[in-house]
Amino acid sequence: MSLLAKDPTRFAETRIEDETVVMSLETGDFFSLTGTAQAIWRLLDGTRDRAALLSALAESHGVTADGIAAEVDSFIDELRAAGLISTVR
Amino acid sequence: MTAALAVSPPVHPALALMARETRVRHGVVPRALGGHEVGRDQYLLAGDRYLMRAADGIAVHYRRGEGLTLELPAMADPRDVALWLNGSVYAAIAAINGLLPIHASAVTWQGRVHAFSGPPGAGKSTLAAALGAGAMPLFCDDTLVLDLSGEGAVQCLPGHRRLKLWPDGAALAGAAPGEQVASHYSKRFVEPVAGTVEAVLPLAAIHFLEPGEEPRLQPISAGERIARLQDDHYTAELFERARGLSRADRFAQLAAIAARVSMTRFARPFDPARFREGRDFIADIIREGGAT
């Protein structure tokens, strides 16, 4: 099982109003997270693999896992490319 | 017999600090800081020290607690000296002492500060001058110094007493251009119509100026607030160097400011013929206490 986890050595984050703002410590780039993106970010705690992540999101948002898979994969790829998350085995 | 006791209001600690730290003495300015040579048209800020050598030969050295040392070339133009001391040098000293200088001009209304930021040419000073005609006193021109200590609203230190405008900006604002700002800088000083403010006041909002088809005000999200503060290269770099902050420290600090300061994007036509539309729009917003 490959667990998805944020790498806290690679970013700084803050919550202001209804928005989570994440900055890459390597590049200084900002990510402004709201809605589903914010929920995904919160769930990337190293206890879930992709399937469990999709399942948790589907349940909390009242949708099917298949219905949100593409959007979630795209966001995960973006976070991985920015070096903010890693896969823990 | 009774005697009236004259009691002066207490001076705000940040104002007292800046008054103390900007005292000037004339002398020889070192050529290097921390082993790094500083040539003409260069500056270096490291820790609690700042060294600037202008292209015209004016040189300034500052060290916290010691004030400024000023070295002038023969026939230095007093206007040029004042421009340096009131601009870049003032901002650097503020940053070294834990204050945050922002590239903005500002007016006051009912005891609060409304600031305008944007790139050079965006019309910060022109708008501040024009709002003066609407009875909004000038708070600062070009550099707004923020005191982030304490809880609650961010406090602002009053800035310099005159606006600097290009002649066309003065015409738009309905102001009479005065003397030239400096020998190498053809902006003109303009006296603020509604006067100035001497007190430290809370910040109501920072409005970022940008062109638009119609006057419009939009709140800025938290992420963009942080990014906008980070993009204020004029002063962010000074502050970062002065405080020796890591990227994570800097982020935490900007986030703390973003959480406390209201910011908007203020779009308006840049066509001079429609200048009044933008002025009247923002004046109404400020009078109504909006955008906070």
# chains A, B, ... in the order shown; residues from 1 in each chain; ligands from 1
call {"tool": "residues_around", "arguments": {"residues": "stretch 56-62 of chain A", "least_positions_apart": "5", "cutoff": "12 Å", "atoms": "only C-alpha atoms", "output": "mmCIF file with N, CA and C atoms, in the first residue's frame"}}
result
data_model
loop_
_atom_site.group_PDB
_atom_site.id
_atom_site.type_symbol
_atom_site.label_atom_id
_atom_site.label_comp_id
_atom_site.auth_asym_id
_atom_site.auth_seq_id
_atom_site.Cartn_x
_atom_site.Cartn_y
_atom_site.Cartn_z
ATOM 1 N N GLY A 35 -12.131 24.754 -0.827
ATOM 2 C CA GLY A 35 -13.035 23.704 -1.298
ATOM 3 C C GLY A 35 -12.395 22.328 -1.297
ATOM 4 N N THR A 36 -12.535 21.617 -2.432
ATOM 5 C CA THR A 36 -12.050 20.244 -2.535
ATOM 6 C C THR A 36 -10.533 20.166 -2.354
ATOM 7 N N ALA A 37 -9.819 21.135 -2.936
ATOM 8 C CA ALA A 37 -8.355 21.125 -2.821
ATOM 9 C C ALA A 37 -7.940 21.208 -1.347
ATOM 10 N N GLN A 38 -8.639 22.027 -0.607
ATOM 11 C CA GLN A 38 -8.338 22.164 0.819
ATOM 12 C C GLN A 38 -8.632 20.854 1.564
ATOM 13 N N ALA A 39 -9.728 20.202 1.184
ATOM 14 C CA ALA A 39 -10.081 18.922 1.822
ATOM 15 C C ALA A 39 -9.033 17.855 1.515
ATOM 16 N N ILE A 40 -8.581 17.811 0.266
ATOM 17 C CA ILE A 40 -7.537 16.847 -0.105
ATOM 18 C C ILE A 40 -6.271 17.108 0.713
ATOM 19 N N TRP A 41 -5.876 18.353 0.769
ATOM 20 C CA TRP A 41 -4.660 18.726 1.507
ATOM 21 C C TRP A 41 -4.740 18.251 2.961
ATOM 22 N N ARG A 42 -5.918 18.429 3.549
ATOM 23 C CA ARG A 42 -6.098 18.051 4.945
ATOM 24 C C ARG A 42 -5.998 16.528 5.125
ATOM 25 N N LEU A 43 -6.444 15.796 4.106
ATOM 26 C CA LEU A 43 -6.467 14.329 4.204
ATOM 27 C C LEU A 43 -5.121 13.673 3.869
ATOM 28 N N LEU A 44 -4.188 14.446 3.366
ATOM 29 C CA LEU A 44 -2.872 13.887 3.007
ATOM 30 C C LEU A 44 -1.996 13.794 4.261
ATOM 31 N N THR A 47 -1.871 8.517 6.281
ATOM 32 C CA THR A 47 -2.622 7.332 6.723
ATOM 33 C C THR A 47 -3.465 6.741 5.594
ATOM 34 N N ARG A 48 -3.479 7.386 4.428
ATOM 35 C CA ARG A 48 -4.357 6.937 3.337
ATOM 36 C C ARG A 48 -3.581 6.735 2.042
ATOM 37 N N ASP A 49 -3.968 5.729 1.288
ATOM 38 C CA ASP A 49 -3.478 5.616 -0.091
ATOM 39 C C ASP A 49 -4.500 6.307 -0.994
ATOM 40 N N ARG A 50 -4.275 6.211 -2.304
ATOM 41 C CA ARG A 50 -5.155 6.918 -3.241
ATOM 42 C C ARG A 50 -6.607 6.467 -3.085
ATOM 43 N N ALA A 51 -6.806 5.177 -2.972
ATOM 44 C CA ALA A 51 -8.183 4.667 -2.882
ATOM 45 C C ALA A 51 -8.874 5.169 -1.622
ATOM 46 N N GLY A 67 -16.274 9.734 -9.819
ATOM 47 C CA GLY A 67 -16.634 11.074 -10.282
ATOM 48 C C GLY A 67 -15.601 12.131 -9.951
ATOM 49 N N ILE A 68 -14.808 11.908 -8.928
ATOM 50 C CA ILE A 68 -13.823 12.930 -8.536
ATOM 51 C C ILE A 68 -12.387 12.470 -8.764
ATOM 52 N N ALA A 69 -12.207 11.247 -9.267
ATOM 53 C CA ALA A 69 -10.853 10.689 -9.388
ATOM 54 C C ALA A 69 -9.932 11.546 -10.260
ATOM 55 N N GLU A 71 -10.042 14.742 -10.996
ATOM 56 C CA GLU A 71 -9.711 16.016 -10.360
ATOM 57 C C GLU A 71 -8.687 15.810 -9.234
ATOM 58 N N VAL A 72 -8.889 14.756 -8.460
ATOM 59 C CA VAL A 72 -7.982 14.464 -7.351
ATOM 60 C C VAL A 72 -6.599 14.087 -7.875
#
call {"tool": "interface_residues", "arguments": {"of": "chain B", "to": "chain A", "cutoff": "7 Å", "atoms": "only C-alpha atoms", "output": "list in words"}}
result
Ala222, Gly223, Arg247, Ala248, Ala255 and Ala259 of chain B
call {"tool": "write_last_selection", "arguments": {"atoms": "C-alpha atoms", "output": "short mmCIF file (atom, residue, chain, number, x, y, z; two decimals), in the first residue's frame"}}
result
data_model
loop_
_atom_site.label_atom_id
_atom_site.label_comp_id
_atom_site.auth_asym_id
_atom_site.auth_seq_id
_atom_site.Cartn_x
_atom_site.Cartn_y
_atom_site.Cartn_z
CA ALA B 222 -5.69 35.55 1.66
CA GLY B 223 -3.23 33.86 -0.70
CA ARG B 247 11.68 31.87 3.83
CA ALA B 248 9.44 30.10 6.36
CA ALA B 255 0.53 35.54 6.76
CA ALA B 259 -4.80 38.05 8.39
#
call {"tool": "residues_around", "arguments": {"residues": "B:His12", "least_positions_apart": "4", "cutoff": "10 Å", "atoms": "only C-alpha atoms", "output": "number ranges by chain"}}
result
B: 16-17, 157, 199-200
call {"tool": "write_last_selection", "arguments": {"atoms": "C-alpha atoms", "output": "short mmCIF file (atom, residue, chain, number, x, y, z; two decimals), in the first residue's frame"}}
result
data_model
loop_
_atom_site.label_atom_id
_atom_site.label_comp_id
_atom_site.auth_asym_id
_atom_site.auth_seq_id
_atom_site.Cartn_x
_atom_site.Cartn_y
_atom_site.Cartn_z
CA ALA B 16 9.95 58.31 19.03
CA LEU B 17 12.11 55.48 17.75
CA LEU B 157 3.34 55.95 11.04
CA ALA B 199 -0.61 60.90 14.63
CA VAL B 200 -0.09 57.16 14.46
#
call {"tool": "atom_distance", "arguments": {"atom1": "atom CA of B:Gly278", "atom2": "atom CA of B:Pro215"}}
result
5.4 Å
call {"tool": "residues_around", "arguments": {"residues": "stretch 159-161 of chain B", "least_positions_apart": "4", "cutoff": "10 Å", "atoms": "only C-alpha atoms", "output": "PyMOL selection string"}}
result
chain B and resi 86-87+90+105-106+138-145+189-192+195-200
call {"tool": "write_last_selection", "arguments": {"atoms": "N, CA and C atoms", "output": "CSV table (one decimal), in the first residue's frame"}}
result
chain,number,residue,atom,x,y,z
B,86,ASN,N,14.6,60.9,2.9
B,86,ASN,CA,13.1,60.7,3.1
B,86,ASN,C,12.6,59.5,2.4
B,87,GLY,N,13.4,58.9,1.5
B,87,GLY,CA,12.9,57.8,0.8
B,87,GLY,C,13.6,56.5,1.2
B,90,TYR,N,15.1,56.2,4.8
B,90,TYR,CA,14.0,56.2,5.8
B,90,TYR,C,13.4,54.7,5.9
B,105,SER,N,1.0,55.2,-1.1
B,105,SER,CA,0.6,56.6,-0.6
B,105,SER,C,-0.7,56.4,0.1
B,106,ALA,N,-1.0,57.3,1.0
B,106,ALA,CA,-2.2,57.1,1.8
B,106,ALA,C,-2.9,58.4,2.3
B,138,LEU,N,-3.6,64.1,3.8
B,138,LEU,CA,-2.5,63.2,3.4
B,138,LEU,C,-1.9,62.5,4.6
B,139,PHE,N,-1.6,61.2,4.5
B,139,PHE,CA,-1.0,60.5,5.5
B,139,PHE,C,0.5,60.3,5.2
B,140,CYS,N,0.7,59.9,3.9
B,140,CYS,CA,2.1,59.6,3.5
B,140,CYS,C,2.1,59.6,2.0
B,141,ASP,N,3.3,59.8,1.4
B,141,ASP,CA,3.5,59.7,0.0
B,141,ASP,C,4.6,58.7,-0.3
B,142,ASP,N,4.2,57.7,-1.0
B,142,ASP,CA,5.2,56.7,-1.6
B,142,ASP,C,5.7,55.7,-0.6
B,143,THR,N,5.9,56.0,0.6
B,143,THR,CA,6.3,55.0,1.6
B,143,THR,C,5.4,55.1,2.8
B,144,LEU,N,4.7,53.9,3.1
B,144,LEU,CA,3.9,53.8,4.3
B,144,LEU,C,4.6,52.9,5.2
B,145,VAL,N,4.8,53.3,6.4
B,145,VAL,CA,5.5,52.5,7.4
B,145,VAL,C,4.5,51.9,8.4
B,189,PHE,N,7.0,69.0,-6.1
B,189,PHE,CA,6.3,68.9,-4.8
B,189,PHE,C,4.9,69.5,-4.9
B,190,VAL,N,4.0,69.0,-4.2
B,190,VAL,CA,2.6,69.5,-4.2
B,190,VAL,C,2.2,69.5,-2.7
B,191,GLU,N,1.7,70.7,-2.3
B,191,GLU,CA,1.2,70.8,-0.9
B,191,GLU,C,-0.2,70.1,-0.8
B,192,PRO,N,-0.4,69.2,0.2
B,192,PRO,CA,-1.7,68.5,0.3
B,192,PRO,C,-2.8,69.5,0.7
B,195,GLY,N,-4.3,69.2,4.1
B,195,GLY,CA,-3.3,69.1,5.2
B,195,GLY,C,-2.8,67.7,5.4
B,196,THR,N,-2.1,67.6,6.5
B,196,THR,CA,-1.4,66.3,6.9
B,196,THR,C,-1.8,65.9,8.3
B,197,VAL,N,-1.5,64.6,8.6
B,197,VAL,CA,-1.8,64.1,9.9
B,197,VAL,C,-0.5,63.7,10.6
B,198,GLU,N,-0.4,64.0,11.9
B,198,GLU,CA,0.9,63.8,12.6
B,198,GLU,C,0.8,62.5,13.5
B,199,ALA,N,-0.4,62.0,13.7
B,199,ALA,CA,-0.6,60.9,14.6
B,199,ALA,C,-0.4,59.5,14.0
B,200,VAL,N,-0.1,58.6,14.9
B,200,VAL,CA,-0.1,57.2,14.5
B,200,VAL,C,-1.6,56.7,14.4
call {"tool": "select_by_dssp", "arguments": {"residues": "chain A", "states": "helix (DSSP H, G or I)", "output": "PyMOL selection string"}}
result
chain A and resi 35-43+50-61+65-81
call {"tool": "write_last_selection", "arguments": {"atoms": "N, CA and C atoms", "output": "short mmCIF file (atom, residue, chain, number, x, y, z; two decimals), in the first residue's frame"}}
result
data_model
loop_
_atom_site.label_atom_id
_atom_site.label_comp_id
_atom_site.auth_asym_id
_atom_site.auth_seq_id
_atom_site.Cartn_x
_atom_site.Cartn_y
_atom_site.Cartn_z
N GLY A 35 -12.13 24.75 -0.83
CA GLY A 35 -13.03 23.70 -1.30
C GLY A 35 -12.39 22.33 -1.30
N THR A 36 -12.53 21.62 -2.43
CA THR A 36 -12.05 20.24 -2.54
C THR A 36 -10.53 20.17 -2.35
N ALA A 37 -9.82 21.14 -2.94
CA ALA A 37 -8.35 21.13 -2.82
C ALA A 37 -7.94 21.21 -1.35
N GLN A 38 -8.64 22.03 -0.61
CA GLN A 38 -8.34 22.16 0.82
C GLN A 38 -8.63 20.85 1.56
N ALA A 39 -9.73 20.20 1.18
CA ALA A 39 -10.08 18.92 1.82
C ALA A 39 -9.03 17.86 1.51
N ILE A 40 -8.58 17.81 0.27
CA ILE A 40 -7.54 16.85 -0.10
C ILE A 40 -6.27 17.11 0.71
N TRP A 41 -5.88 18.35 0.77
CA TRP A 41 -4.66 18.73 1.51
C TRP A 41 -4.74 18.25 2.96
N ARG A 42 -5.92 18.43 3.55
CA ARG A 42 -6.10 18.05 4.95
C ARG A 42 -6.00 16.53 5.13
N LEU A 43 -6.44 15.80 4.11
CA LEU A 43 -6.47 14.33 4.20
C LEU A 43 -5.12 13.67 3.87
N ARG A 50 -4.27 6.21 -2.30
CA ARG A 50 -5.15 6.92 -3.24
C ARG A 50 -6.61 6.47 -3.09
N ALA A 51 -6.81 5.18 -2.97
CA ALA A 51 -8.18 4.67 -2.88
C ALA A 51 -8.87 5.17 -1.62
N ALA A 52 -8.17 5.15 -0.52
CA ALA A 52 -8.76 5.61 0.74
C ALA A 52 -9.03 7.12 0.69
N LEU A 53 -8.15 7.83 0.03
CA LEU A 53 -8.34 9.28 -0.12
C LEU A 53 -9.61 9.56 -0.93
N LEU A 54 -9.75 8.86 -2.05
CA LEU A 54 -10.94 9.04 -2.89
C LEU A 54 -12.20 8.67 -2.12
N SER A 55 -12.11 7.60 -1.37
CA SER A 55 -13.28 7.15 -0.61
C SER A 55 -13.69 8.19 0.44
N ALA A 56 -12.71 8.72 1.13
CA ALA A 56 -13.00 9.73 2.17
C ALA A 56 -13.60 10.99 1.56
N LEU A 57 -13.05 11.40 0.44
CA LEU A 57 -13.57 12.61 -0.23
C LEU A 57 -14.97 12.38 -0.77
N ALA A 58 -15.17 11.21 -1.36
CA ALA A 58 -16.48 10.90 -1.93
C ALA A 58 -17.54 10.93 -0.85
N GLU A 59 -17.20 10.38 0.31
CA GLU A 59 -18.16 10.34 1.40
C GLU A 59 -18.46 11.74 1.93
N SER A 60 -17.42 12.53 2.10
CA SER A 60 -17.64 13.87 2.68
C SER A 60 -18.33 14.81 1.69
N HIS A 61 -18.17 14.57 0.39
CA HIS A 61 -18.75 15.48 -0.60
C HIS A 61 -20.03 14.92 -1.23
N ALA A 65 -16.55 8.02 -5.97
CA ALA A 65 -15.08 8.11 -6.08
C ALA A 65 -14.67 8.28 -7.53
N ASP A 66 -15.34 7.56 -8.43
CA ASP A 66 -15.00 7.68 -9.86
C ASP A 66 -15.25 9.10 -10.37
N GLY A 67 -16.27 9.73 -9.82
CA GLY A 67 -16.63 11.07 -10.28
C GLY A 67 -15.60 12.13 -9.95
N ILE A 68 -14.81 11.91 -8.93
CA ILE A 68 -13.82 12.93 -8.54
C ILE A 68 -12.39 12.47 -8.76
N ALA A 69 -12.21 11.25 -9.27
CA ALA A 69 -10.85 10.69 -9.39
C ALA A 69 -9.93 11.55 -10.26
N ALA A 70 -10.46 12.00 -11.39
CA ALA A 70 -9.60 12.77 -12.31
C ALA A 70 -9.13 14.07 -11.67
N GLU A 71 -10.04 14.74 -11.00
CA GLU A 71 -9.71 16.02 -10.36
C GLU A 71 -8.69 15.81 -9.23
N VAL A 72 -8.89 14.76 -8.46
CA VAL A 72 -7.98 14.46 -7.35
C VAL A 72 -6.60 14.09 -7.87
N ASP A 73 -6.57 13.23 -8.90
CA ASP A 73 -5.28 12.82 -9.46
C ASP A 73 -4.50 14.02 -10.00
N SER A 74 -5.21 14.91 -10.65
CA SER A 74 -4.57 16.10 -11.22
C SER A 74 -3.95 16.96 -10.11
N PHE A 75 -4.68 17.12 -9.03
CA PHE A 75 -4.18 17.94 -7.92
C PHE A 75 -3.00 17.26 -7.22
N ILE A 76 -3.11 15.93 -7.04
CA ILE A 76 -2.02 15.18 -6.42
C ILE A 76 -0.75 15.31 -7.27
N ASP A 77 -0.93 15.20 -8.59
CA ASP A 77 0.22 15.34 -9.50
C ASP A 77 0.86 16.72 -9.35
N GLU A 78 0.02 17.73 -9.22
CA GLU A 78 0.52 19.10 -9.08
C GLU A 78 1.33 19.25 -7.78
N LEU A 79 0.80 18.69 -6.71
CA LEU A 79 1.50 18.77 -5.41
C LEU A 79 2.80 17.97 -5.46
N ARG A 80 2.75 16.83 -6.13
CA ARG A 80 3.96 15.99 -6.23
C ARG A 80 5.03 16.72 -7.05
N ALA A 81 4.61 17.35 -8.16
CA ALA A 81 5.55 18.08 -9.01
C ALA A 81 6.19 19.23 -8.24
#
call {"tool": "atom_distance", "arguments": {"atom1": "atom CA of B:Gly152", "atom2": "atom CA of B:Ser246"}}
result
25.3 Å
call {"tool": "select_by_dssp", "arguments": {"residues": "chain A", "states": "strand (DSSP E or B)", "output": "count of residues only"}}
result
28
call {"tool": "residues_around", "arguments": {"residues": "B:Arg20", "least_positions_apart": "4", "cutoff": "9 Å", "atoms": "only C-alpha atoms", "output": "short mmCIF file (atom, residue, chain, number, x, y, z; two decimals) with C-alpha atoms, in the first residue's frame"}}
result
data_model
loop_
_atom_site.label_atom_id
_atom_site.label_comp_id
_atom_site.auth_asym_id
_atom_site.auth_seq_id
_atom_site.Cartn_x
_atom_site.Cartn_y
_atom_site.Cartn_z
CA LEU B 15 7.46 57.66 16.25
CA ALA B 16 9.95 58.31 19.03
CA GLY B 65 21.40 53.07 18.00
CA GLY B 67 21.82 57.26 13.85
#
call {"tool": "residues_around", "arguments": {"residues": "B:Tyr185", "least_positions_apart": "5", "cutoff": "12 Å", "atoms": "only C-alpha atoms", "output": "short mmCIF file (atom, residue, chain, number, x, y, z; two decimals) with C-alpha atoms, in the first residue's frame"}}
result
data_model
loop_
_atom_site.label_atom_id
_atom_site.label_comp_id
_atom_site.auth_asym_id
_atom_site.auth_seq_id
_atom_site.Cartn_x
_atom_site.Cartn_y
_atom_site.Cartn_z
CA ASP B 77 22.00 69.74 -3.90
CA ARG B 79 16.92 68.56 -2.55
CA ASP B 80 18.81 65.44 -3.63
CA LEU B 83 15.06 62.83 -1.40
CA TRP B 84 17.43 60.07 -0.30
CA LYS B 164 5.64 64.23 -5.32
CA LEU B 165 3.80 64.41 -8.64
CA TRP B 166 4.56 64.63 -12.33
CA GLU B 179 9.46 73.21 -6.67
CA GLN B 180 11.22 70.37 -8.44
#
call {"tool": "atom_distance", "arguments": {"atom1": "atom CA of B:Thr22", "atom2": "atom CA of B:Ile93"}}
result
7.5 Å
call {"tool": "residues_around", "arguments": {"residues": "B:Phe116", "least_positions_apart": "4", "cutoff": "8 Å", "atoms": "only C-alpha atoms", "output": "PDB file with N, CA and C atoms, in the first residue's frame"}}
result
ATOM      1  N   ALA B 104       3.511  52.655  -0.834  1.00  0.00           N
ATOM      2  CA  ALA B 104       2.121  53.114  -0.910  1.00  0.00           C
ATOM      3  C   ALA B 104       2.021  54.585  -0.524  1.00  0.00           C
ATOM      4  N   SER B 105       0.992  55.238  -1.072  1.00  0.00           N
ATOM      5  CA  SER B 105       0.609  56.576  -0.621  1.00  0.00           C
ATOM      6  C   SER B 105      -0.731  56.423   0.088  1.00  0.00           C
ATOM      7  N   ALA B 106      -1.017  57.331   1.022  1.00  0.00           N
ATOM      8  CA  ALA B 106      -2.221  57.109   1.829  1.00  0.00           C
ATOM      9  C   ALA B 106      -2.858  58.426   2.264  1.00  0.00           C
ATOM     10  N   LYS B 124      -0.569  56.383  -7.487  1.00  0.00           N
ATOM     11  CA  LYS B 124      -0.738  56.399  -6.029  1.00  0.00           C
ATOM     12  C   LYS B 124      -0.771  57.840  -5.492  1.00  0.00           C
ATOM     13  N   ALA B 128      -3.944  60.172  -4.092  1.00  0.00           N
ATOM     14  CA  ALA B 128      -3.886  60.733  -2.733  1.00  0.00           C
ATOM     15  C   ALA B 128      -4.056  62.247  -2.778  1.00  0.00           C
ATOM     16  N   ILE B 206      -5.546  48.509   2.328  1.00  0.00           N
ATOM     17  CA  ILE B 206      -4.610  48.820   1.244  1.00  0.00           C
ATOM     18  C   ILE B 206      -5.328  48.496  -0.063  1.00  0.00           C
ATOM     19  N   HIS B 207      -5.417  49.485  -0.941  1.00  0.00           N
ATOM     20  CA  HIS B 207      -6.054  49.299  -2.239  1.00  0.00           C
ATOM     21  C   HIS B 207      -4.959  49.235  -3.316  1.00  0.00           C
ATOM     22  N   PHE B 208      -4.926  48.138  -4.065  1.00  0.00           N
ATOM     23  CA  PHE B 208      -3.937  48.005  -5.130  1.00  0.00           C
ATOM     24  C   PHE B 208      -4.532  48.549  -6.431  1.00  0.00           C
ATOM     25  N   LEU B 209      -3.842  49.514  -7.014  1.00  0.00           N
ATOM     26  CA  LEU B 209      -4.365  50.203  -8.196  1.00  0.00           C
ATOM     27  C   LEU B 209      -4.058  49.415  -9.460  1.00  0.00           C
TER      28      LEU B 209
END
call {"tool": "decode", "arguments": {"residues": "stretch 23-85 of chain A", "atoms": "C-alpha atoms", "output": "PDB file, in the first residue's frame"}}
result
ATOM      1  CA  MET A  23       4.199  28.073   0.188  1.00  0.00           C
ATOM      2  CA  SER A  24       6.935  25.877  -1.248  1.00  0.00           C
ATOM      3  CA  LEU A  25      10.062  26.552   0.792  1.00  0.00           C
ATOM      4  CA  GLU A  26      12.176  25.629  -2.211  1.00  0.00           C
ATOM      5  CA  THR A  27      10.657  27.918  -4.837  1.00  0.00           C
ATOM      6  CA  GLY A  28       8.586  30.406  -2.855  1.00  0.00           C
ATOM      7  CA  ASP A  29       5.545  29.563  -4.993  1.00  0.00           C
ATOM      8  CA  PHE A  30       2.142  29.919  -3.348  1.00  0.00           C
ATOM      9  CA  PHE A  31      -0.827  27.567  -3.456  1.00  0.00           C
ATOM     10  CA  SER A  32      -4.192  28.914  -2.427  1.00  0.00           C
ATOM     11  CA  LEU A  33      -6.448  26.054  -1.386  1.00  0.00           C
ATOM     12  CA  THR A  34     -10.195  26.179  -0.911  1.00  0.00           C
ATOM     13  CA  GLY A  35     -13.035  23.704  -1.298  1.00  0.00           C
ATOM     14  CA  THR A  36     -12.050  20.244  -2.535  1.00  0.00           C
ATOM     15  CA  ALA A  37      -8.355  21.125  -2.821  1.00  0.00           C
ATOM     16  CA  GLN A  38      -8.338  22.164   0.819  1.00  0.00           C
ATOM     17  CA  ALA A  39     -10.081  18.922   1.822  1.00  0.00           C
ATOM     18  CA  ILE A  40      -7.537  16.847  -0.105  1.00  0.00           C
ATOM     19  CA  TRP A  41      -4.660  18.726   1.507  1.00  0.00           C
ATOM     20  CA  ARG A  42      -6.098  18.051   4.945  1.00  0.00           C
ATOM     21  CA  LEU A  43      -6.467  14.329   4.204  1.00  0.00           C
ATOM     22  CA  LEU A  44      -2.872  13.887   3.007  1.00  0.00           C
ATOM     23  CA  ASP A  45      -1.705  12.873   6.468  1.00  0.00           C
ATOM     24  CA  GLY A  46       0.182   9.668   5.648  1.00  0.00           C
ATOM     25  CA  THR A  47      -2.622   7.332   6.723  1.00  0.00           C
ATOM     26  CA  ARG A  48      -4.357   6.937   3.337  1.00  0.00           C
ATOM     27  CA  ASP A  49      -3.478   5.616  -0.091  1.00  0.00           C
ATOM     28  CA  ARG A  50      -5.155   6.918  -3.241  1.00  0.00           C
ATOM     29  CA  ALA A  51      -8.183   4.667  -2.882  1.00  0.00           C
ATOM     30  CA  ALA A  52      -8.761   5.611   0.744  1.00  0.00           C
ATOM     31  CA  LEU A  53      -8.341   9.283  -0.121  1.00  0.00           C
ATOM     32  CA  LEU A  54     -10.941   9.037  -2.885  1.00  0.00           C
ATOM     33  CA  SER A  55     -13.277   7.148  -0.611  1.00  0.00           C
ATOM     34  CA  ALA A  56     -13.002   9.726   2.173  1.00  0.00           C
ATOM     35  CA  LEU A  57     -13.566  12.610  -0.227  1.00  0.00           C
ATOM     36  CA  ALA A  58     -16.479  10.898  -1.935  1.00  0.00           C
ATOM     37  CA  GLU A  59     -18.156  10.335   1.402  1.00  0.00           C
ATOM     38  CA  SER A  60     -17.642  13.871   2.682  1.00  0.00           C
ATOM     39  CA  HIS A  61     -18.750  15.477  -0.602  1.00  0.00           C
ATOM     40  CA  GLY A  62     -21.647  13.136  -1.388  1.00  0.00           C
ATOM     41  CA  VAL A  63     -20.260  12.038  -4.751  1.00  0.00           C
ATOM     42  CA  THR A  64     -18.809   8.850  -6.226  1.00  0.00           C
ATOM     43  CA  ALA A  65     -15.084   8.112  -6.077  1.00  0.00           C
ATOM     44  CA  ASP A  66     -15.005   7.683  -9.858  1.00  0.00           C
ATOM     45  CA  GLY A  67     -16.634  11.074 -10.282  1.00  0.00           C
ATOM     46  CA  ILE A  68     -13.823  12.930  -8.536  1.00  0.00           C
ATOM     47  CA  ALA A  69     -10.853  10.689  -9.388  1.00  0.00           C
ATOM     48  CA  ALA A  70      -9.604  12.771 -12.312  1.00  0.00           C
ATOM     49  CA  GLU A  71      -9.711  16.016 -10.360  1.00  0.00           C
ATOM     50  CA  VAL A  72      -7.982  14.464  -7.351  1.00  0.00           C
ATOM     51  CA  ASP A  73      -5.277  12.816  -9.463  1.00  0.00           C
ATOM     52  CA  SER A  74      -4.570  16.097 -11.217  1.00  0.00           C
ATOM     53  CA  PHE A  75      -4.184  17.942  -7.919  1.00  0.00           C
ATOM     54  CA  ILE A  76      -2.016  15.183  -6.418  1.00  0.00           C
ATOM     55  CA  ASP A  77       0.224  15.342  -9.499  1.00  0.00           C
ATOM     56  CA  GLU A  78       0.518  19.097  -9.077  1.00  0.00           C
ATOM     57  CA  LEU A  79       1.497  18.770  -5.415  1.00  0.00           C
ATOM     58  CA  ARG A  80       3.957  15.994  -6.227  1.00  0.00           C
ATOM     59  CA  ALA A  81       5.553  18.083  -9.006  1.00  0.00           C
ATOM     60  CA  ALA A  82       5.960  20.913  -6.516  1.00  0.00           C
ATOM     61  CA  GLY A  83       7.674  18.507  -4.135  1.00  0.00           C
ATOM     62  CA  LEU A  84       5.124  19.040  -1.388  1.00  0.00           C
ATOM     63  CA  ILE A  85       4.016  15.437  -0.975  1.00  0.00           C
TER      64      ILE A  85
END
